[in-house]
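Data first, discussion second: the structure below is written as structure tokens.
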Amino acid sequence: MDFDSYKDAMYNEMNAWYKTYPTDISELTKIIDQKISSDQSGYEIRGHIYDVAADMMEVKLFPHCPFYFEMASGRNRNIWGMEGLGGYLKNSKAYQDLRHGYLSDAETMWDKGMFIINDFVDNDHHAMGIDVILEKGFKGIMEEALSLLDNKVLSDEQKHWLNTVIKGCQCAKALGEKFSNQAEAFLKSELCNTELSKKFFERIKNTASRVPWNAPSTFYEAINSLIFAREMFNSLDGVGICTYGRLDKVLLPYYLQDIETGAITQEEAYDLCATLISLTDARWDYSQNQVETSTTICLGGLDSSGNVIDNPLTRLIFQAIVDCNTLNPKINIRVTDQHSQGFYDAAVHVSRNTRSSVSFLNDEVIVPAMVNGGLEKTHALNYVGGGCQEVVAEGTQVSSRACWYLNLSRVLTAVLGQNSSKTYQTLDSSSAHPIELKDLKTFDELYREVISMLTAVSVKFSEHLASYQQHWKKVNPAPLYSSTLLSCLKSATDMSAGGAKYTSTTFATGAFGTLVDSLLGIKHIVFDEKRLSLSEFVEVLNSNFENHTLLQKYLISEIPYFGDDSEESNEMAARLMKDIELLQKECRNFADAQYHPTFYSYHTNIYLGMDTPATADGRLAGRPVSRSVSPSDYKGNNRRNPATDIHALKALDYKGFPGAAIQYMTLPIANEQSDTILSAVLQTFVENGGSILEYQFNDVEILKKAQENPENFPELSVRVCGFSAKFTALDKTVQQEVIERLSQVA
């Protein structure tokens, strides 16, 4: 029985169910309210959540889905975690008071356009400890927690935490039994009306009460363990587990074993993989405004011993991705200089033939960068991309990222005195203070002021953030998820208290290209060519180039700019990148760990640009700034193309950026790009030292028609920045940005 034969039925069943979301959990929360007292810790309250879920939370099976996972936890349809029953603590007055206080502080501290800030902790972007789940099951985790309780030197906090972990494991067992009992009941009901549904219910009845309570022993059990565990953490722990992990690594032993013994055929394994790949699209309603699923899978790369991963399961999953052609999950493919030509060709074929966002992550750069960031190599080798492409070491690292977006170009405008009063009032006058532009006699003096300002902003931001993050364990701990992470269980310390082997924080840094180009613009106009004084140039910027269109055009088309591969722009970019790396490493998080330098912007470049004055690269006020570490999409392309973008990478060193650095490459429509060309570009990207690459291509004329007549293009999809979406569901501002960006290469 192949996936296509039950795909439509599965989608229809799930759509009918998820339309009813969020489920009513008022009775469950009422019981939790009655159980808690003011002197209880966040761990104890989380324990009550586990207990109530075990006793009262409903589960849901779908007749034409082979897996068991859906928990009626009160989440909305279009959310992967952090809400419903698991969001009980996050919705508490204690948490919300902290959040509102932090956001209020930030609004007072920073000028508009400097940051986009979502929260004081990153509850999303987590990667569960898959190896622990597959090797121990929840029973094994509970047994280890019980043995640790015998330690006489544990603090009360540690005991509370371990007891909560035990409750979480018992909850996992109870939920598995609920799925098994429901399957048994459905076998006797009208829901079991096909041979396929009977087959699925029989297998669930015989499996769910055993796995993942016990460690899985088959391919089916292993893949369902990942789905079940992710849903449980998302439903009950108040976090977002954003990745299924390295499927072709962790599932390979089960696949090979079952193929060898005849327990499964390749076709049956394909069906299970195709079902997993389709679960996200089956759940989410993409007809609403732009939705974020924060769901990824990771393939390829090197294993923990440094061996290349490219095996039969890799290729089977590649094929399933192309055949399913879903919008989600996002696909992260790790590449190395050791991979074969065949692997590269197959990987770019996936990118060209699926609607999903597909990113290529370069192990040759990211692994050394993570080691430089303090990770052991074996742990760095087990990194995944999660959320979109942001990297984290699976099972060992908690990395707070993609929650605080920093606009580099806004720092320069602040130095130039463009709407910068709040920022200077926030900073210690000894670290940064307003300057007299006439006092800057050389470009190097200006450059040093920019780096000084950026350092002061970064350090102040990190100090302020840490003062709030220290409360994380009190207001939203995640004991069961934490128990799968190396060091948390052994130290009886939650990840929210810094218990993971590595606890890192990053700025999601963007507008690198805009800053490089603006610095080059000032250098030429003011200091090299002496066309204007710095004060006069700033007056032009403040006028938004009114009556200065010739100067604006000169800045856009004649001045060297990032990505043109000129010696001057490469030197400026390399200098700035090294300084950003060093200054971000001066920042410390709540666990007193060093920040991990990162370039990542999502699509915040649009909204940050709205509050950024005109910049010295010719960009008008309110226009988008450049994305992540990519060259600006909004400058003329007379000297820049994909070849110069890739070649310019040789001048840059991304091995100081353990949080990775995303480069987006916008190309003409996909059917004009052969796999051979895209494969060659990707291999050159790896050879030249790029970090992460995402291809983006669409027919700009079709997008324009869709914007004018959206009803004629309900299924048209685009890649934006680390995610794919239905074009007509995007905000008009985002639609326009995509069209303008694609128009540059059309």
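Residue numbering restarts at 1 in every chain; chains get A, B, ... in the order shown in the structure tokens, and ligands count up from 1 in that same order.
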Within 10 Å of segment 435-437 of chain A using only C-alpha atoms, minus same-chain residues under 4 positions, as an NGL selection string: :A and (415-417 or 441 or 446 or 449 or 533-536 or 538)
Per-residue DSSP, segment 364-583 of chain A, filtered to strand (DSSP E or B), as a PyMOL selection string: chain A and resi 383-385+391-393+397-400+404-407+502-505+508-510
Segment 727-739 of chain A environment, 12 Å, only C-alpha atoms, sequence neighbours closer than 4 positions dropped, as a PyMOL selection string: chain A and resi 285-292+327+355+602-607+609-610+622-627+633-634+666-668+696-721+723+743-746
Segment 483-681 of chain A: residues DSSP assigns to alpha helix (DSSP H), reported as an MDAnalysis selection string: chainID A and resid 488:491 512:522 534:542 549:557 567:584 604:610 642:648 675:681
Spatial neighbours of segment 517-520 of chain A, 7 Å, only C-alpha atoms, chain gap at least 5 places, as a ChimeraX atom specification: /A:560-562,615-617
Within 12 Å of Glu107 of chain A using only C-alpha atoms, minus same-chain residues under 6 positions, as a VMD selection string: chain A and resid 100 to 101 113 to 118 422 to 423 426
Output file for the residues above (all heavy atoms, as an mmCIF file, in the first residue's frame):
data_model
loop_
_atom_site.group_PDB
_atom_site.id
_atom_site.type_symbol
_atom_site.label_atom_id
_atom_site.label_comp_id
_atom_site.auth_asym_id
_atom_site.auth_seq_id
_atom_site.Cartn_x
_atom_site.Cartn_y
_atom_site.Cartn_z
ATOM 1 N N HIS A 100 6.557 41.744 29.666
ATOM 2 C CA HIS A 100 6.126 43.122 29.412
ATOM 3 C C HIS A 100 7.153 44.124 29.927
ATOM 4 O O HIS A 100 7.396 45.161 29.292
ATOM 5 C CB HIS A 100 4.768 43.369 30.066
ATOM 6 C CG HIS A 100 3.653 42.583 29.438
ATOM 7 N ND1 HIS A 100 2.527 42.197 30.124
ATOM 8 C CD2 HIS A 100 3.507 42.095 28.174
ATOM 9 C CE1 HIS A 100 1.739 41.512 29.311
ATOM 10 N NE2 HIS A 100 2.309 41.436 28.129
ATOM 11 N N GLY A 101 7.769 43.812 31.064
ATOM 12 C CA GLY A 101 8.801 44.691 31.591
ATOM 13 C C GLY A 101 9.995 44.776 30.666
ATOM 14 O O GLY A 101 10.537 45.865 30.415
ATOM 15 N N GLY A 113 14.275 50.722 14.867
ATOM 16 C CA GLY A 113 15.091 50.209 13.778
ATOM 17 C C GLY A 113 16.389 49.580 14.222
ATOM 18 O O GLY A 113 17.061 48.929 13.418
ATOM 19 N N MET A 114 16.776 49.751 15.508
ATOM 20 C CA MET A 114 18.020 49.143 15.994
ATOM 21 C C MET A 114 17.835 47.639 16.200
ATOM 22 O O MET A 114 18.700 46.834 15.847
ATOM 23 C CB MET A 114 18.449 49.806 17.302
ATOM 24 C CG MET A 114 19.837 49.392 17.786
ATOM 25 S SD MET A 114 21.153 50.142 16.809
ATOM 26 C CE MET A 114 21.085 51.846 17.370
ATOM 27 N N PHE A 115 16.706 47.263 16.804
ATOM 28 C CA PHE A 115 16.416 45.863 17.100
ATOM 29 C C PHE A 115 14.966 45.539 16.765
ATOM 30 O O PHE A 115 14.101 46.414 16.790
ATOM 31 C CB PHE A 115 16.606 45.566 18.597
ATOM 32 C CG PHE A 115 18.018 45.617 19.096
ATOM 33 C CD1 PHE A 115 18.495 46.743 19.762
ATOM 34 C CD2 PHE A 115 18.873 44.540 18.936
ATOM 35 C CE1 PHE A 115 19.786 46.794 20.249
ATOM 36 C CE2 PHE A 115 20.168 44.583 19.414
ATOM 37 C CZ PHE A 115 20.634 45.708 20.072
ATOM 38 N N ILE A 116 14.724 44.271 16.504
ATOM 39 C CA ILE A 116 13.399 43.669 16.646
ATOM 40 C C ILE A 116 13.528 42.619 17.730
ATOM 41 O O ILE A 116 14.399 41.743 17.663
ATOM 42 C CB ILE A 116 12.889 43.054 15.337
ATOM 43 C CG1 ILE A 116 12.425 44.165 14.385
ATOM 44 C CG2 ILE A 116 11.746 42.073 15.594
ATOM 45 C CD1 ILE A 116 11.917 43.661 13.047
ATOM 46 N N ILE A 117 12.676 42.719 18.751
ATOM 47 C CA ILE A 117 12.798 41.876 19.940
ATOM 48 C C ILE A 117 11.470 41.168 20.178
ATOM 49 O O ILE A 117 10.408 41.818 20.186
ATOM 50 C CB ILE A 117 13.175 42.728 21.172
ATOM 51 C CG1 ILE A 117 14.536 43.405 20.941
ATOM 52 C CG2 ILE A 117 13.206 41.870 22.437
ATOM 53 C CD1 ILE A 117 14.875 44.467 21.974
ATOM 54 N N ASN A 118 11.519 39.848 20.384
ATOM 55 C CA ASN A 118 10.294 39.066 20.563
ATOM 56 C C ASN A 118 10.005 38.708 22.009
ATOM 57 O O ASN A 118 8.844 38.619 22.403
ATOM 58 C CB ASN A 118 10.367 37.786 19.734
ATOM 59 C CG ASN A 118 10.422 38.066 18.248
ATOM 60 O OD1 ASN A 118 9.836 39.030 17.771
ATOM 61 N ND2 ASN A 118 11.139 37.244 17.508
ATOM 62 N N LYS A 422 17.658 58.015 21.978
ATOM 63 C CA LYS A 422 17.416 56.978 22.992
ATOM 64 C C LYS A 422 18.656 56.126 23.219
ATOM 65 O O LYS A 422 19.022 55.819 24.354
ATOM 66 C CB LYS A 422 16.257 56.070 22.560
ATOM 67 C CG LYS A 422 14.882 56.683 22.673
ATOM 68 C CD LYS A 422 13.828 55.634 22.310
ATOM 69 C CE LYS A 422 12.429 56.193 22.387
ATOM 70 N NZ LYS A 422 11.412 55.172 22.011
ATOM 71 N N THR A 423 19.280 55.723 22.133
ATOM 72 C CA THR A 423 20.429 54.825 22.238
ATOM 73 C C THR A 423 21.554 55.470 23.030
ATOM 74 O O THR A 423 22.140 54.839 23.918
ATOM 75 C CB THR A 423 20.918 54.424 20.836
ATOM 76 O OG1 THR A 423 19.857 53.737 20.163
ATOM 77 C CG2 THR A 423 22.134 53.521 20.916
ATOM 78 N N THR A 426 20.906 55.571 26.695
ATOM 79 C CA THR A 426 21.002 54.248 27.324
ATOM 80 C C THR A 426 22.442 53.876 27.638
ATOM 81 O O THR A 426 22.729 53.256 28.671
ATOM 82 C CB THR A 426 20.384 53.187 26.399
ATOM 83 O OG1 THR A 426 18.992 53.457 26.259
ATOM 84 C CG2 THR A 426 20.582 51.780 26.951
#
